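> Pasting in a structure now, in structure tokens, and then I'll have a few things to ask.
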Amino acid sequence: MDTSQDYAAVSSQAAQRQVRVQLTSQQEDIALPDNTGPILVPTGLKRYALSTLVNNLLSSDKPIPFEFLINGQFLRTSIDEYLTANGISAETTLEIEYVRALIPPLHIASFEHDDWVSSVDVLSASSRAAAGSSAISQGQERILSGSYDGLLRVWNMSSQVIATSPSPTDGGHTSSIKAAKFISPNSIVSAGLDRTVRLWKYSESDDGFSGKIAPQLELYGHKSGISSLAVHAPSNRILSASSDHNIGFWSTKKSDAPAAPEDLLPSAASRTSKRRKLNTSVTVSQRGPLALLSSHTAPVSDAIFDVNDSTVGYSASWDHSLRTWDLVTAALVDTRTTSHSLLSLQHLPDHHLLATGTSARHITLIDPRASAATISAMTLRGHTNAVVSLARDPNSTYGLISGSHDGTCRIWDLRATKTDKGGAVGESVYSISRKSLEEEGKANSKRVGGEGVKVFSVCWDQQVGIVSAGEDKRIQLNRGEGVLSSSS
């Protein structure tokens, strides 16, 4: 056998298996010059080789890891396998978009509580609550937590508690807090198992090392515990989701809100009780809802505003349904029924989708528009227990993070999908486990569905990073270079 002829034949075949690719990037700092034409490359190339090629073309001093998108989906095989799987001829000029690869988000810090942490929110220069206010300088960000001990806490970035909400005898919550958010740099809203929505005035000392959370307004209307809150500060409106099957629609302004329902107020005896006499300075106004939206047939787990239109609201419930509301008329606009209890909700406006975390361990993406042909547009699989919290990536319209009772947060990219007989399926890009497990030396222990480390809440902020909280009595901060910034 003439091995030189065999080698020549193989080399010839390899040379023939080439395809023209047009490499592009929407990120200006890593884009190739406009005059860079199509390049002939072997079809056997995979992500790593393509990444090396782009770095060479960019003359990068320090290699940058890249991901590659063809027709909106990440390349997870060789180019040859992609062409075959999609019935595309190698004669085609293939347009390939490259983006920075995500860097796994590293653990930065953990803030310890005395009880389970049910809710977290962030106040930073880029956060929703800081809109229209003076900029919050780097390092001066604040984290708000709500706990099962019935207390709110505001933390600085050095894991110090700056302020704690009052006890029940001084106007605080009388039971576990389940939801808490900044409305503005000096205003907070919270709600929980005591069935009330409470507004607080927040202030800090000049040196920023101490603060005060003072009761401002008590809102009554729900007949059972409240599980979530949504805030639209420009319109002074709040949505609440309750296990009484209703969605509460509230005003943050006392002058706009109607009187509180008499039958839901604390009894006259308790209002004139010893604690009131001892705390004559604690007099908090009490108001009712602008409307109670009722049509769900089971506890409502989450309610949110449409990102682009605050007159539209969405709610998710244990009754398997996602509902759309006209908040001006308090009218039900649309109902989408799924196969599972829905536990969390997030709007992805750029894709006309609503992400819903389910009791069935996955995330279902639903198109709420009347023209949608199917209920489920995509399913994100990977969690091993209920998905109870969702947040958007502040840097990418494709990014999403979820918190689950399996004890992890997972990062998703809507472009990282594959199609099977059930439709489009996405797999998480990264999974973030609880640091408390590692510290206890239990990272490899076999726990049932995240027992002891359930994640209850997750928030993703451009400055602070990924903030999550849960059953391990901790707020956990994770940050990753590529996760947080497309320009880093």
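Letters for chains follow the order of the structure tokens (A, B, ...), residue numbers begin at 1 for each chain, and ligand numbers begin at 1 in the order shown.
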From a DSSP calculation on the backbone, collect every residue of stretch 92-290 of chain A in strand (DSSP E) and output the set as number ranges by chain.

A: 93-100, 106-112, 117-123, 142-147, 152-155, 161-164, 177-184, 187-192, 197-204, 211-219, 226-232, 237-242, 246-251, 285-287

> Determine, counting only C-alpha atoms, which protein, DNA and RNA residues have an atom within 7 Å of an atom of A:Arg287; residues of the same chain fewer than 3 positions away are not included. Present the result as a list in words.

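Using only C-alpha atoms, the neighbours found are Glu218, Leu219, Tyr220, Ala257, Pro258, Ala259 and Ala260 of chain A.
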
> List as a count of residues only the protein and nucleic acid residues near stretch 381-394 of chain A, meaning an atom at most 9 Å away when only C-alpha atoms are counted, but skip any in the same chain fewer than 2 places from it.

53

> List every residue of stretch 23-54 of chain A that DSSP, applied to the backbone of this structure, assigns to alpha helix (DSSP H), and report them as JSON, numbers by chain.

{"A": [47, 48, 49, 50, 51, 52, 53, 54]}

> A:Asp34: which residues within 12 Å, counting only C-alpha atoms, same-chain residues fewer than 3 positions away excluded, as a PyMOL selection string?

chain A and resi 22-26+28+30-31+37-38

> Quick one: pull the distance between atom CA of A:Ser339 and atom CA of A:Leu322, Å, one decimal.

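Separation of atom CA of A:Ser339 and atom CA of A:Leu322: 11.1 Å.
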
> With stretch 161-176 of chain A as the partner and 12 Å as the cut-off, tabulate the residues of stretch 189-248 of chain A that qualify, each row holding the nearest pair of atoms and their distance in Å to one decimal, using only C-alpha atoms, sorted by chain and rising number, as a Markdown table.


```
| residue | atom | partner | partner_atom | distance |
| --- | --- | --- | --- | --- |
| A:Val189 | CA | A:Ser165 | CA | 11.4 |
| A:Ser190 | CA | A:His173 | CA | 8.9 |
| A:Ala191 | CA | A:His173 | CA | 8.1 |
| A:Gly192 | CA | A:Ser176 | CA | 5.7 |
| A:Leu193 | CA | A:Ser176 | CA | 5.5 |
| A:Asp194 | CA | A:Ser175 | CA | 5.2 |
| A:Arg195 | CA | A:Ser175 | CA | 8.9 |
| A:Thr196 | CA | A:His173 | CA | 8.0 |
| A:Val197 | CA | A:His173 | CA | 9.3 |
| A:Arg198 | CA | A:His173 | CA | 8.1 |
| A:Leu199 | CA | A:Gly172 | CA | 10.4 |
| A:Trp200 | CA | A:Ser165 | CA | 8.7 |
| A:Lys201 | CA | A:Ser165 | CA | 10.2 |
| A:Tyr202 | CA | A:Ala163 | CA | 8.7 |
| A:Ser203 | CA | A:Ala163 | CA | 8.9 |
| A:Glu204 | CA | A:Ile162 | CA | 8.1 |
| A:Ser205 | CA | A:Ile162 | CA | 9.6 |
| A:Asp207 | CA | A:Ile162 | CA | 11.0 |
| A:Gly208 | CA | A:Ile162 | CA | 7.9 |
| A:Phe209 | CA | A:Ile162 | CA | 5.9 |
| A:Ser210 | CA | A:Ile162 | CA | 4.6 |
| A:Gly211 | CA | A:Ala163 | CA | 4.8 |
| A:Lys212 | CA | A:Ala163 | CA | 5.4 |
| A:Ile213 | CA | A:Ser165 | CA | 5.2 |
| A:Ala214 | CA | A:Ser165 | CA | 7.0 |
| A:Pro215 | CA | A:Gly171 | CA | 6.3 |
| A:Gln216 | CA | A:Gly171 | CA | 9.3 |
| A:Leu217 | CA | A:Gly171 | CA | 9.9 |
| A:Glu218 | CA | A:Gly171 | CA | 9.3 |
| A:Leu219 | CA | A:His173 | CA | 11.9 |
| A:Ser224 | CA | A:Ser175 | CA | 12.0 |
| A:Gly225 | CA | A:Ser176 | CA | 9.3 |
| A:Ile226 | CA | A:Ser176 | CA | 10.0 |
| A:Ser227 | CA | A:Ser176 | CA | 10.4 |
```

> In Å, with one decimal, what is the gap from atom CA of A:Arg415 to atom CA of A:Met378?

10.9 Å

> Nearest to A:His245 among A:Ser294, A:Gln27, A:Thr93, A:Ser78, with distances taken over only C-alpha atoms: which residue is it?

A:Ser294

> If we count only C-alpha atoms, what is near A:His320 at a cut-off of 8 Å, once residues fewer than 2 positions away on the same chain are taken out, given as a ChimeraX atom specification?

/A:316-318,322,337-342

> Compile the contact shell of A:Ala372 as a VMD selection string: residues with an atom at most 12 Å away, counting only C-alpha atoms, same-chain residues fewer than 6 positions apart removed.

chain A and resid 334 336 352 to 353 366

> Using atom CA of A:Gly470 and atom CA of A:Val117 as the two end points, give the distance in Å to one decimal.

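Spanning atom CA of A:Gly470 to atom CA of A:Val117 is a straight-line distance of 5.0 Å.
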
> Which residues come within 8 Å of A:Thr92, counting only C-alpha atoms, excluding same-chain residues fewer than 2 positions away, as a short mmCIF file (atom, residue, chain, number, x, y, z; two decimals) with N, CA, C and O atoms, in the first residue's frame?


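Result written to selection-v8.cif:
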```
data_model
loop_
_atom_site.label_atom_id
_atom_site.label_comp_id
_atom_site.auth_asym_id
_atom_site.auth_seq_id
_atom_site.Cartn_x
_atom_site.Cartn_y
_atom_site.Cartn_z
N VAL A 19 -15.82 25.37 3.65
CA VAL A 19 -17.01 26.21 3.47
C VAL A 19 -16.61 27.66 3.70
O VAL A 19 -15.71 27.96 4.49
N ARG A 20 -17.27 28.53 2.96
CA ARG A 20 -17.03 29.96 3.16
C ARG A 20 -17.86 30.45 4.34
O ARG A 20 -19.06 30.18 4.42
N ILE A 88 -27.88 21.91 4.76
CA ILE A 88 -27.30 23.07 4.10
C ILE A 88 -26.09 22.66 3.28
O ILE A 88 -25.25 21.87 3.73
N SER A 89 -26.01 23.16 2.10
CA SER A 89 -24.90 22.83 1.20
C SER A 89 -23.62 23.53 1.63
O SER A 89 -23.64 24.67 2.10
N ALA A 90 -22.50 22.84 1.45
CA ALA A 90 -21.19 23.43 1.76
C ALA A 90 -20.83 24.52 0.76
O ALA A 90 -19.85 25.24 0.94
N LEU A 94 -21.71 30.74 4.79
CA LEU A 94 -22.36 30.60 6.09
C LEU A 94 -22.09 31.84 6.94
O LEU A 94 -20.93 32.20 7.18
#
```

> Give the answer as one residue: which of A:Phe182, A:Tyr314, A:Trp116, A:Trp412 has the shortest atom-to-atom distance to A:Lys454, using only C-alpha atoms?

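Ranking A:Phe182, A:Tyr314, A:Trp116, A:Trp412 by distance to A:Lys454, first place goes to A:Trp116.
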
> In terms of the shortest atom-to-atom distance over only C-alpha atoms, which of A:Leu264, A:Leu102, A:Val154, A:Leu53 is closest to A:Val429?

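Counting only C-alpha atoms, the residue closest to A:Val429 is A:Leu102.
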